[in-house]
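**Student:** Supplied structure: coords30.cif, mmCIF, C-alpha atoms and all ligand atoms.
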```
data_data
#
loop_
_atom_site.label_atom_id
_atom_site.label_comp_id
_atom_site.auth_asym_id
_atom_site.auth_seq_id
_atom_site.Cartn_x
_atom_site.Cartn_y
_atom_site.Cartn_z
CA MET O 10 111.92 69.60 24.11
CA ILE O 11 112.12 68.64 20.41
CA VAL O 12 115.51 69.36 18.88
CA TRP O 13 116.32 69.75 15.19
CA THR O 14 117.76 66.19 14.98
CA ASP O 15 114.38 64.80 16.17
CA PHE O 16 112.60 66.95 13.60
CA HIS O 17 114.90 65.62 10.87
CA ARG O 18 114.14 62.05 11.97
CA THR O 19 110.39 62.72 11.98
CA LEU O 20 110.53 64.14 8.44
CA SER O 21 112.64 61.21 7.19
CA GLU O 22 110.07 58.83 8.64
CA TYR O 23 107.33 60.64 6.71
CA ALA O 24 109.38 60.33 3.49
CA ASP O 25 109.75 56.54 4.03
CA GLY O 26 106.11 56.19 5.09
CA PHE O 27 104.85 58.01 1.96
CA ALA O 28 106.92 55.68 -0.26
CA SER O 29 105.35 52.56 1.34
CA LEU O 30 101.84 54.01 1.26
CA ALA O 31 102.15 54.89 -2.45
CA ALA O 32 103.44 51.39 -3.23
CA ALA O 33 100.45 49.82 -1.41
CA TYR O 34 97.88 51.06 -3.98
CA ASP O 35 96.13 48.12 -5.67
CA GLY O 36 93.25 49.90 -7.42
CA THR O 37 90.97 49.60 -4.37
CA ALA O 38 90.43 51.83 -1.32
CA GLY O 39 91.77 49.12 1.03
CA SER O 40 94.68 51.19 2.43
CA SER O 41 92.83 54.50 2.51
CA ALA O 42 92.38 54.88 6.30
CA GLU O 43 96.11 54.67 6.99
CA LEU O 44 96.98 57.11 4.20
CA GLU O 45 94.36 59.63 5.32
CA ALA O 46 95.59 59.49 8.94
CA VAL O 47 99.21 60.07 7.83
CA ILE O 48 98.29 62.96 5.49
CA ASP O 49 96.20 64.61 8.22
CA ARG O 50 99.12 64.37 10.69
CA TYR O 51 101.55 65.65 8.05
CA SER O 52 99.25 68.62 7.25
CA ALA O 53 99.17 69.52 10.96
CA LEU O 54 102.98 69.34 11.15
CA ILE O 55 103.37 71.61 8.10
CA LEU O 56 100.91 74.16 9.52
CA GLU O 57 102.31 74.23 13.09
CA PRO O 58 104.00 77.66 13.41
CA ARG O 59 106.61 76.39 15.90
CA ASN O 60 107.92 73.91 13.32
CA THR O 61 109.00 76.78 11.07
CA LEU O 62 111.85 77.58 13.49
CA MET O 63 112.86 73.93 13.55
CA TRP O 64 112.84 73.85 9.73
CA GLU O 65 115.02 76.97 9.55
CA GLU O 66 117.43 75.40 12.04
CA LEU O 67 117.62 72.26 9.86
CA ILE O 68 118.44 74.33 6.78
CA ARG O 69 121.12 76.24 8.70
CA ARG O 70 122.75 73.09 10.08
CA GLU O 71 122.54 70.77 7.07
CA PRO O 72 121.59 72.75 3.96
CA GLU O 73 122.34 70.10 1.33
CA GLU O 74 120.82 67.14 3.15
CA THR O 75 117.76 69.25 4.01
CA GLU O 76 117.33 70.20 0.35
CA ARG O 77 117.43 66.51 -0.63
CA LEU O 78 114.95 65.63 2.11
CA ALA O 79 112.60 68.44 1.00
CA TYR O 80 112.73 67.14 -2.58
CA ARG O 81 111.85 63.57 -1.47
CA LEU O 82 109.03 64.76 0.76
CA ARG O 83 107.51 67.01 -1.90
CA GLU O 84 107.63 64.34 -4.57
CA ARG O 85 106.27 61.54 -2.38
CA SER O 86 103.61 63.58 -0.58
CA ALA O 87 102.35 64.77 -4.01
CA LEU O 88 101.96 61.14 -5.09
CA CYS O 89 100.16 60.32 -1.85
CA VAL O 90 97.78 63.29 -2.14
CA ALA O 91 96.87 62.21 -5.69
CA LEU O 92 96.32 58.71 -4.32
CA MET O 93 94.19 60.01 -1.48
CA GLU O 94 91.91 61.60 -4.09
CA LYS O 95 91.65 58.22 -5.81
CA TYR O 96 90.57 56.67 -2.52
CA ARG O 97 88.06 59.46 -1.94
CA ALA O 98 86.64 58.94 -5.44
CA LEU O 99 86.48 55.14 -5.08
CA LYS O 100 84.70 55.48 -1.73
CA LEU O 101 82.20 57.97 -3.10
CA LEU O 102 81.45 55.64 -6.02
CA GLU O 103 81.01 52.75 -3.56
CA GLY O 104 78.53 54.90 -1.62
CA ALA O 105 80.73 55.94 1.33
CA GLU O 106 81.85 59.60 1.34
CA ASN O 107 84.79 60.32 3.62
CA ASP O 108 85.72 63.41 5.58
CA SER O 109 89.28 64.44 6.37
CA GLY O 110 90.96 67.53 7.78
CA TYR O 111 93.12 67.72 4.65
CA PHE O 112 90.11 67.92 2.29
CA ARG O 113 88.34 70.47 4.53
CA ASN O 114 91.47 72.65 4.41
CA ILE O 115 91.73 72.43 0.60
CA GLU O 116 88.06 73.24 0.12
CA ALA O 117 88.45 76.35 2.29
CA CYS O 118 91.38 77.44 0.06
CA ILE O 119 89.28 77.10 -3.10
CA GLU O 120 86.73 79.60 -1.75
CA GLU O 121 89.31 82.40 -1.99
CA GLU O 122 91.12 81.19 -5.08
CA PHE O 123 91.02 84.10 -7.51
CA GLY O 124 91.30 87.10 -5.18
CA SER O 125 90.33 90.13 -7.19
CA PHE O 126 90.14 88.18 -10.50
CA THR O 127 86.43 87.46 -10.25
CA VAL O 128 84.98 84.39 -11.96
CA THR O 129 81.58 85.03 -13.58
CA PRO O 130 79.11 82.78 -15.44
CA GLU O 131 80.78 83.95 -18.68
CA SER O 132 84.26 82.85 -17.55
CA ARG O 133 86.00 79.78 -18.94
CA VAL O 134 88.27 78.12 -16.42
CA LEU O 135 91.09 75.65 -17.04
CA MET O 136 92.37 73.55 -14.13
CA VAL O 137 95.74 71.88 -14.64
CA GLY O 138 95.94 68.77 -12.44
CA SER O 139 92.21 68.31 -11.81
CA GLY O 140 92.72 65.02 -9.96
CA SER O 141 90.55 61.96 -9.30
CA PHE O 142 88.22 63.96 -7.09
CA PRO O 143 87.84 67.30 -8.91
CA MET O 144 86.86 69.47 -5.95
CA THR O 145 87.98 72.69 -7.60
CA PRO O 146 86.08 72.23 -10.90
CA LEU O 147 82.97 71.15 -8.97
CA LEU O 148 83.10 74.08 -6.56
CA ILE O 149 83.80 76.72 -9.21
CA ALA O 150 81.18 75.44 -11.66
CA ARG O 151 78.57 75.20 -8.92
CA ARG O 152 79.29 78.58 -7.30
CA THR O 153 79.86 80.69 -10.40
CA GLY O 154 78.19 78.92 -13.35
CA ALA O 155 81.48 79.18 -15.31
CA GLN O 156 82.49 76.44 -17.73
CA VAL O 157 85.42 74.44 -16.37
CA VAL O 158 87.86 72.18 -18.20
CA GLY O 159 90.18 70.02 -16.12
CA ILE O 160 93.25 68.24 -17.48
CA ASP O 161 95.30 65.57 -15.76
CA ILE O 162 98.36 63.60 -16.82
CA ASP O 163 96.99 60.45 -15.19
CA PRO O 164 94.27 58.71 -17.30
CA GLU O 165 92.99 56.84 -14.23
CA ALA O 166 92.46 60.19 -12.45
CA VAL O 167 90.49 61.52 -15.45
CA GLU O 168 88.32 58.40 -15.56
CA LEU O 169 87.58 58.53 -11.83
CA GLY O 170 87.12 62.32 -11.99
CA ARG O 171 84.46 61.98 -14.70
CA LYS O 172 82.56 59.44 -12.60
CA VAL O 173 82.75 61.73 -9.54
CA VAL O 174 81.38 64.65 -11.58
CA SER O 175 78.58 62.45 -12.96
CA ARG O 176 77.69 61.55 -9.39
CA LEU O 177 78.04 64.97 -7.71
CA GLY O 178 77.21 67.45 -10.48
CA PRO O 179 75.97 65.83 -13.69
CA GLU O 180 74.28 69.12 -14.66
CA LEU O 181 77.46 71.20 -14.26
CA PRO O 182 79.45 72.46 -17.28
CA ILE O 183 82.62 70.47 -16.46
CA ARG O 184 84.81 68.61 -18.95
CA LEU O 185 87.80 66.48 -17.92
CA GLU O 186 90.51 65.40 -20.37
CA ALA O 187 93.77 63.44 -20.27
CA SER O 188 95.20 65.98 -22.66
CA SER O 189 98.36 68.05 -22.92
CA VAL O 190 97.83 71.81 -22.98
CA GLU O 191 98.72 71.95 -26.69
CA GLN O 192 96.07 69.36 -27.61
CA LEU O 193 93.24 71.08 -25.76
CA ASP O 194 90.43 72.64 -27.81
CA GLY O 195 89.24 76.18 -27.11
CA LEU O 196 92.32 77.39 -25.19
CA SER O 197 92.10 80.85 -26.77
CA THR O 198 88.75 81.38 -24.99
CA VAL O 199 90.03 80.42 -21.51
CA THR O 200 89.81 83.41 -19.12
CA HIS O 201 91.11 81.83 -15.87
CA ILE O 202 93.72 79.09 -15.30
CA ILE O 203 94.34 77.29 -12.01
CA PHE O 204 97.41 75.18 -11.38
CA SER O 205 97.27 72.43 -8.81
CA SER O 206 100.09 72.96 -6.34
CA THR O 207 101.45 69.43 -6.73
CA VAL O 208 102.09 69.60 -10.49
CA PRO O 209 105.93 69.52 -10.61
CA VAL O 210 106.23 71.22 -14.04
CA LYS O 211 103.61 73.91 -13.41
CA TYR O 212 105.93 76.82 -14.31
CA GLU O 213 107.01 75.11 -17.57
CA LEU O 214 103.33 74.64 -18.43
CA LEU O 215 102.62 78.26 -17.54
CA GLU O 216 105.19 79.38 -20.12
CA ARG O 217 103.80 76.98 -22.75
CA LEU O 218 100.30 78.34 -22.16
CA HIS O 219 101.32 81.93 -22.82
CA PRO O 220 101.14 81.89 -26.66
CA LEU O 221 98.06 79.65 -26.64
CA THR O 222 95.82 81.85 -24.49
CA GLY O 223 94.15 85.26 -24.82
CA GLU O 224 95.70 88.55 -23.66
CA GLN O 225 93.29 88.89 -20.72
CA THR O 226 93.82 85.38 -19.31
CA VAL O 227 94.64 85.32 -15.59
CA VAL O 228 96.32 82.57 -13.59
CA ALA O 229 96.01 81.30 -10.02
CA MET O 230 99.19 79.39 -9.26
CA ARG O 231 98.96 77.35 -6.06
CA TYR O 232 102.31 76.98 -4.31
CA GLY O 233 103.95 76.63 -0.92
CA GLY O 234 107.13 78.21 0.46
CA GLY O 235 109.08 77.46 3.66
CA LEU O 236 107.60 74.46 5.47
CA LYS O 237 104.69 74.42 3.02
CA SER O 238 107.27 73.58 0.32
CA LEU O 239 107.39 70.08 1.84
CA PHE O 240 103.83 69.62 0.56
CA ASN O 241 103.73 71.90 -2.51
CA TYR O 242 106.01 72.90 -5.37
CA PRO O 243 107.25 76.40 -4.52
CA ILE O 244 106.85 79.72 -6.31
CA ARG O 245 109.48 80.63 -8.89
CA GLN O 246 111.02 83.97 -9.70
CA ALA O 247 109.35 85.10 -12.88
CA ALA O 248 111.94 87.73 -13.83
CA ASP O 249 112.12 86.73 -17.52
CA SER O 250 108.58 85.46 -17.69
CA ARG O 251 105.92 86.86 -19.97
CA TRP O 252 103.58 86.51 -17.01
CA ARG O 253 103.58 89.20 -14.32
CA LEU O 254 102.84 88.53 -10.66
CA ALA O 255 99.76 90.62 -9.89
CA GLU O 256 98.92 89.52 -6.35
CA SER O 257 100.14 87.08 -3.70
CA LEU O 258 97.53 85.53 -1.47
CA LEU O 259 99.33 84.23 1.61
CA LYS O 260 97.11 81.91 3.62
CA PRO O 261 98.28 81.15 7.15
CA GLY O 262 96.65 77.94 8.32
CA ARG O 263 95.99 76.82 4.74
CA ILE O 264 97.87 74.02 2.95
CA PHE O 265 98.90 76.21 0.00
CA ASP O 266 99.29 79.88 -0.92
CA ILE O 267 98.26 81.43 -4.25
CA ALA O 268 100.15 83.64 -6.70
CA LEU O 269 97.99 85.47 -9.25
CA TYR O 270 99.53 86.25 -12.64
CA ARG O 271 98.39 88.13 -15.69
CA LYS O 272 100.11 88.69 -18.99
CA ALA O 273 102.99 91.14 -18.78
CA ALA O 274 101.92 93.12 -21.85
CA VAL O 275 98.45 93.57 -20.35
CA SER O 276 100.00 94.78 -17.08
CA HIS O 277 102.06 97.38 -18.97
CA GLN O 278 98.95 98.62 -20.78
CA LEU O 279 97.06 98.80 -17.50
CA ASP O 280 99.93 100.62 -15.77
CA GLY O 281 100.20 103.05 -18.68
CA GLY O 282 96.48 103.65 -18.75
CA ALA O 283 96.40 104.47 -15.05
CA ARG O 284 99.04 107.17 -15.30
C1 LIG O 301 96.24 66.33 -5.93
S1 LIG O 301 95.51 66.50 -7.48
C2 LIG O 301 94.80 68.09 -7.24
C3 LIG O 301 93.58 68.73 -7.61
C4 LIG O 301 92.27 68.64 -6.83
N1 LIG O 301 91.47 67.55 -7.27
C5 LIG O 301 91.45 69.88 -6.84
O1 LIG O 301 90.39 69.87 -7.47
O2 LIG O 301 91.88 70.85 -6.21
C6 LIG O 301 96.93 66.77 -8.44
C7 LIG O 301 96.83 66.13 -9.79
O3 LIG O 301 97.82 66.71 -10.65
C8 LIG O 301 98.11 65.73 -11.63
N2 LIG O 301 99.33 66.10 -12.36
C9 LIG O 301 100.63 65.97 -11.98
N3 LIG O 301 101.44 66.42 -12.95
C10 LIG O 301 100.67 66.86 -13.96
C11 LIG O 301 100.92 67.44 -15.24
N4 LIG O 301 102.15 67.67 -15.67
N5 LIG O 301 99.86 67.77 -16.02
C12 LIG O 301 98.58 67.54 -15.61
N6 LIG O 301 98.29 66.98 -14.41
C13 LIG O 301 99.30 66.66 -13.59
C14 LIG O 301 98.21 64.44 -10.84
O4 LIG O 301 98.03 63.31 -11.68
C15 LIG O 301 97.09 64.63 -9.80
O5 LIG O 301 95.93 63.95 -10.17
#
```
Mind turning this structure into structure tokens?
Ligand SMILES: C[S@@+](CC[C@H](N)C(=O)[O-])C[C@H]1O[C@@H](n2cnc3c(N)ncnc32)[C@H](O)[C@@H]1O
**Tutor:**
Amino acid sequence: MIVWTDFHRTLSEYADGFASLAAAYDGTAGSSAELEAVIDRYSALILEPRNTLMWEELIRREPEETERLAYRLRERSALCVALMEKYRALKLLEGAENDSGYFRNIEACIEEEFGSFTVTPESRVLMVGSGSFPMTPLLIARRTGAQVVGIDIDPEAVELGRKVVSRLGPELPIRLEASSVEQLDGLSTVTHIIFSSTVPVKYELLERLHPLTGEQTVVAMRYGGGLKSLFNYPIRQAADSRWRLAESLLKPGRIFDIALYRKAAVSHQLDGGAR
């Protein structure tokens, strides 16, 4: 029987392992197999329902240490997931596509991204944290015909991402930029925004985007609570926010959940109009 102390040890080992794997990156895909195997095992651990009880027991027994451990795991696993996308991009560009349980899970999440906020060919989508392997921009542009702009804080990710798009969808209306939200052209015409779950400052960016975007803009915020918060930055209370939570899409068996927001003033108008 696994006890909470064993579970704590296992999680600490993942935190140490992620730090070594991130440090091993040398601009090539040399260490990719090991990283992919660890991320796949970690994904399975996060999604195993029995581990939720173990996690709750850990929090009950050692709340402060568990909080610190969760912080380390979230930060380091986010770095490793970004790195795994670099490896995936490098392998694609070398002519060897790879397949992992983690990527299959993410791609299944993207299918259901916007819930009732339908994306049409006329939509303009902004993805914050588009990554080195821009699965979301590629999937949305291909499925819906919408124009997609991806931004990423990491110039290497943008450079790799552009090459991946040139390889997998050169005809698709996708633009990738190493730009801050304030520097981006055409923000007032964006209809849909998606936040990658592993962007630490996603709620700060959400607030900064409010005055820069149109009244009808809607947001899909990827997040993870409970055990999933060891792999995703969690949802935040938006009590004072100018964005209103419109829908929560909880996805058992998926790496992240999705919170859909729209502008608070628009929600009031809609509520008023319905009465
Ligand atoms: C794991 S990738 C995710 C996206 C994935 N490629 C997709 O299409 O679903 C997360 C990316 O977020 C980026 N990132 C982290 N912080 C950011 C920030 N403040 N602004 C923009 N991008 C950020 C990282 O550099 C990383 O490339």
**Student:** Which distance in Å separates atom CA of Glu73 of chain O and atom CA of His17 of chain O, to one decimal?
**Tutor:**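 Result for atom CA of Glu73 of chain O versus atom CA of His17 of chain O: 12.9 Å, one decimal.
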**Student:** For ligand LIG 301 (chain O), which residue among O:Leu67, O:Leu88, O:Leu101, O:Leu254 is the nearest when counting only C-alpha atoms and all ligand atoms?
**Tutor:**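 Smallest distance to ligand LIG 301 (chain O) is found for O:Leu88.
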**Student:** For ligand LIG 301 (chain O), which residue among O:Leu236, O:Ala38, O:Leu102, O:Ala87 is the nearest when counting all atoms listed in the file?
**Tutor:** O:Ala87
**Student:** Give me, as a PyMOL selection string, all polymer residues having an atom no more than 12 Å from Ser175 of chain O, counting all atoms listed in the file and skipping those fewer than 6 positions away in the same chain.
**Tutor:** chain O and resi 98+101-102+142-143+147+168-169+181-185
**Student:** In Å to one decimal, how far is atom CA of Ala155 of chain O from atom CA of Gly140 of chain O?
**Tutor:**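 So the answer is 18.9 Å.
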**Student:** Quote the spacing between atom CA of Leu259 of chain O and atom N4 of ligand LIG 301 (chain O) in Å to one decimal place.
**Tutor:**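 Taking atom CA of Leu259 of chain O and atom N4 of ligand LIG 301 (chain O), their separation equals 24.1 Å.
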**Student:** Once 3 Å is added on each side, what centre and edge lengths in Å to one decimal does the axis-aligned box around all listed atoms of segment 93-99 of chain O have, as AutoDock Vina command-line options?
**Tutor:**
```
--center_x 90.3 --center_y 58.4 --center_z -3.6 --size_x 13.7 --size_y 12.5 --size_z 10.3
```
**Student:** Of the candidates O:Ile48, O:Ala166, O:Ala53, O:Val158, which shows the shortest atom-to-atom distance to ligand LIG 301 (chain O), using all atoms listed in the file?
**Tutor:** O:Ala166
**Student:** If we count only C-alpha atoms and set the cut-off at 12 Å, which residues sit around segment 215-217 of chain O, ignoring sequence neighbours fewer than 2 positions away in its own chain? Please answer as a ChimeraX atom specification.
**Tutor:** /O:135-137,189-192,196,202-205,208-213,219-222,226-230,245,247,249-253,269-272
**Student:** Which is closest to Gly262 of chain O among O:Pro58, O:Pro72, O:Pro146, O:Pro130, if we use all atoms listed in the file?
**Tutor:** O:Pro58
**Student:** Here is a test: counting all atoms listed in the file, which residue of O:Ala187, O:Leu56, O:Ile244, O:Ala91 is nearest to ligand LIG 301 (chain O)?
**Tutor:**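 Nearest to ligand LIG 301 (chain O): O:Ala91.
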**Student:** Set the distance at 7 Å and use only C-alpha atoms: which residues neighbour Arg85 of chain O once local chain neighbours fewer than 5 positions away are removed? I'd like the list as a PyMOL selection string.
**Tutor:** chain O and resi 24+27-28
**Student:** Check the smallest atom-to-atom distance from each of O:Ser125, O:Thr14, O:Ser141, O:Ser40 to ligand LIG 301 (chain O) using all atoms listed in the file, then report the winner.
**Tutor:**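 Going through O:Ser125, O:Thr14, O:Ser141, O:Ser40 one by one, the smallest distance to ligand LIG 301 (chain O) is for O:Ser141.
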**Student:** Quick test: take segment 53-85 of chain O, keep N, CA and C atoms, and write it as a PDB file, in the first residue's frame.
**Tutor:**
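Written output follows (out_5.pdb):
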```pdb
ATOM      1  N   ALA O  53       0.376  10.565 -16.188  1.00  0.00           N
ATOM      2  CA  ALA O  53      -0.446   9.444 -15.690  1.00  0.00           C
ATOM      3  C   ALA O  53      -0.658   9.588 -14.178  1.00  0.00           C
ATOM      4  N   LEU O  54       0.381  10.016 -13.464  1.00  0.00           N
ATOM      5  CA  LEU O  54       0.264  10.186 -12.003  1.00  0.00           C
ATOM      6  C   LEU O  54      -0.763  11.273 -11.667  1.00  0.00           C
ATOM      7  N   ILE O  55      -0.697  12.388 -12.426  1.00  0.00           N
ATOM      8  CA  ILE O  55      -1.616  13.511 -12.174  1.00  0.00           C
ATOM      9  C   ILE O  55      -3.069  13.090 -12.448  1.00  0.00           C
ATOM     10  N   LEU O  56      -3.261  12.234 -13.446  1.00  0.00           N
ATOM     11  CA  LEU O  56      -4.620  11.884 -13.868  1.00  0.00           C
ATOM     12  C   LEU O  56      -5.178  10.655 -13.141  1.00  0.00           C
ATOM     13  N   GLU O  57      -4.372  10.006 -12.299  1.00  0.00           N
ATOM     14  CA  GLU O  57      -4.849   8.812 -11.580  1.00  0.00           C
ATOM     15  C   GLU O  57      -5.767   9.253 -10.431  1.00  0.00           C
ATOM     16  N   PRO O  58      -7.069   8.888 -10.499  1.00  0.00           N
ATOM     17  CA  PRO O  58      -8.007   9.386  -9.484  1.00  0.00           C
ATOM     18  C   PRO O  58      -7.605   9.027  -8.052  1.00  0.00           C
ATOM     19  N   ARG O  59      -6.986   7.858  -7.849  1.00  0.00           N
ATOM     20  CA  ARG O  59      -6.631   7.467  -6.478  1.00  0.00           C
ATOM     21  C   ARG O  59      -5.586   8.412  -5.869  1.00  0.00           C
ATOM     22  N   ASN O  60      -4.783   9.049  -6.709  1.00  0.00           N
ATOM     23  CA  ASN O  60      -3.742   9.936  -6.181  1.00  0.00           C
ATOM     24  C   ASN O  60      -4.318  11.231  -5.610  1.00  0.00           C
ATOM     25  N   THR O  61      -5.562  11.549  -5.962  1.00  0.00           N
ATOM     26  CA  THR O  61      -6.190  12.748  -5.414  1.00  0.00           C
ATOM     27  C   THR O  61      -6.297  12.630  -3.889  1.00  0.00           C
ATOM     28  N   LEU O  62      -6.665  11.439  -3.408  1.00  0.00           N
ATOM     29  CA  LEU O  62      -6.801  11.243  -1.959  1.00  0.00           C
ATOM     30  C   LEU O  62      -5.447  11.406  -1.274  1.00  0.00           C
ATOM     31  N   MET O  63      -4.420  10.865  -1.931  1.00  0.00           N
ATOM     32  CA  MET O  63      -3.069  10.949  -1.392  1.00  0.00           C
ATOM     33  C   MET O  63      -2.625  12.416  -1.317  1.00  0.00           C
ATOM     34  N   TRP O  64      -2.960  13.170  -2.358  1.00  0.00           N
ATOM     35  CA  TRP O  64      -2.612  14.595  -2.421  1.00  0.00           C
ATOM     36  C   TRP O  64      -3.316  15.357  -1.298  1.00  0.00           C
ATOM     37  N   GLU O  65      -4.608  15.047  -1.089  1.00  0.00           N
ATOM     38  CA  GLU O  65      -5.354  15.726  -0.030  1.00  0.00           C
ATOM     39  C   GLU O  65      -4.767  15.392   1.351  1.00  0.00           C
ATOM     40  N   GLU O  66      -4.319  14.144   1.494  1.00  0.00           N
ATOM     41  CA  GLU O  66      -3.706  13.729   2.759  1.00  0.00           C
ATOM     42  C   GLU O  66      -2.395  14.506   2.992  1.00  0.00           C
ATOM     43  N   LEU O  67      -1.629  14.668   1.923  1.00  0.00           N
ATOM     44  CA  LEU O  67      -0.373  15.441   2.013  1.00  0.00           C
ATOM     45  C   LEU O  67      -0.648  16.869   2.472  1.00  0.00           C
ATOM     46  N   ILE O  68      -1.657  17.485   1.867  1.00  0.00           N
ATOM     47  CA  ILE O  68      -1.984  18.878   2.224  1.00  0.00           C
ATOM     48  C   ILE O  68      -2.408  18.957   3.696  1.00  0.00           C
ATOM     49  N   ARG O  69      -3.175  17.955   4.134  1.00  0.00           N
ATOM     50  CA  ARG O  69      -3.666  17.954   5.512  1.00  0.00           C
ATOM     51  C   ARG O  69      -2.504  17.805   6.500  1.00  0.00           C
ATOM     52  N   ARG O  70      -1.560  16.908   6.144  1.00  0.00           N
ATOM     53  CA  ARG O  70      -0.467  16.613   7.080  1.00  0.00           C
ATOM     54  C   ARG O  70       0.602  17.703   7.092  1.00  0.00           C
ATOM     55  N   GLU O  71       0.965  18.191   5.910  1.00  0.00           N
ATOM     56  CA  GLU O  71       2.091  19.144   5.822  1.00  0.00           C
ATOM     57  C   GLU O  71       1.741  20.281   4.865  1.00  0.00           C
ATOM     58  N   PRO O  72       0.812  21.163   5.266  1.00  0.00           N
ATOM     59  CA  PRO O  72       0.313  22.153   4.313  1.00  0.00           C
ATOM     60  C   PRO O  72       1.393  23.053   3.723  1.00  0.00           C
ATOM     61  N   GLU O  73       2.318  23.537   4.568  1.00  0.00           N
ATOM     62  CA  GLU O  73       3.292  24.510   4.040  1.00  0.00           C
ATOM     63  C   GLU O  73       4.310  23.859   3.122  1.00  0.00           C
ATOM     64  N   GLU O  74       4.824  22.695   3.551  1.00  0.00           N
ATOM     65  CA  GLU O  74       5.805  21.986   2.724  1.00  0.00           C
ATOM     66  C   GLU O  74       5.153  21.550   1.403  1.00  0.00           C
ATOM     67  N   THR O  75       3.885  21.142   1.478  1.00  0.00           N
ATOM     68  CA  THR O  75       3.196  20.688   0.266  1.00  0.00           C
ATOM     69  C   THR O  75       3.000  21.855  -0.703  1.00  0.00           C
ATOM     70  N   GLU O  76       2.712  23.024  -0.157  1.00  0.00           N
ATOM     71  CA  GLU O  76       2.563  24.221  -1.000  1.00  0.00           C
ATOM     72  C   GLU O  76       3.871  24.528  -1.728  1.00  0.00           C
ATOM     73  N   ARG O  77       4.988  24.422  -0.977  1.00  0.00           N
ATOM     74  CA  ARG O  77       6.307  24.695  -1.584  1.00  0.00           C
ATOM     75  C   ARG O  77       6.620  23.666  -2.674  1.00  0.00           C
ATOM     76  N   LEU O  78       6.293  22.396  -2.366  1.00  0.00           N
ATOM     77  CA  LEU O  78       6.548  21.326  -3.342  1.00  0.00           C
ATOM     78  C   LEU O  78       5.704  21.549  -4.603  1.00  0.00           C
ATOM     79  N   ALA O  79       4.445  21.947  -4.414  1.00  0.00           N
ATOM     80  CA  ALA O  79       3.550  22.192  -5.564  1.00  0.00           C
ATOM     81  C   ALA O  79       4.121  23.307  -6.430  1.00  0.00           C
ATOM     82  N   TYR O  80       4.636  24.352  -5.797  1.00  0.00           N
ATOM     83  CA  TYR O  80       5.212  25.485  -6.534  1.00  0.00           C
ATOM     84  C   TYR O  80       6.388  25.014  -7.389  1.00  0.00           C
ATOM     85  N   ARG O  81       7.290  24.219  -6.744  1.00  0.00           N
ATOM     86  CA  ARG O  81       8.482  23.720  -7.486  1.00  0.00           C
ATOM     87  C   ARG O  81       8.061  22.855  -8.662  1.00  0.00           C
ATOM     88  N   LEU O  82       7.097  21.962  -8.408  1.00  0.00           N
ATOM     89  CA  LEU O  82       6.678  21.038  -9.470  1.00  0.00           C
ATOM     90  C   LEU O  82       6.046  21.775 -10.634  1.00  0.00           C
ATOM     91  N   ARG O  83       5.212  22.759 -10.323  1.00  0.00           N
ATOM     92  CA  ARG O  83       4.510  23.519 -11.365  1.00  0.00           C
ATOM     93  C   ARG O  83       5.517  24.271 -12.230  1.00  0.00           C
ATOM     94  N   GLU O  84       6.446  24.940 -11.548  1.00  0.00           N
ATOM     95  CA  GLU O  84       7.430  25.757 -12.265  1.00  0.00           C
ATOM     96  C   GLU O  84       8.333  24.876 -13.138  1.00  0.00           C
ATOM     97  N   ARG O  85       8.810  23.784 -12.571  1.00  0.00           N
ATOM     98  CA  ARG O  85       9.768  22.943 -13.300  1.00  0.00           C
ATOM     99  C   ARG O  85       9.085  22.108 -14.381  1.00  0.00           C
TER     100      ARG O  85
END
```
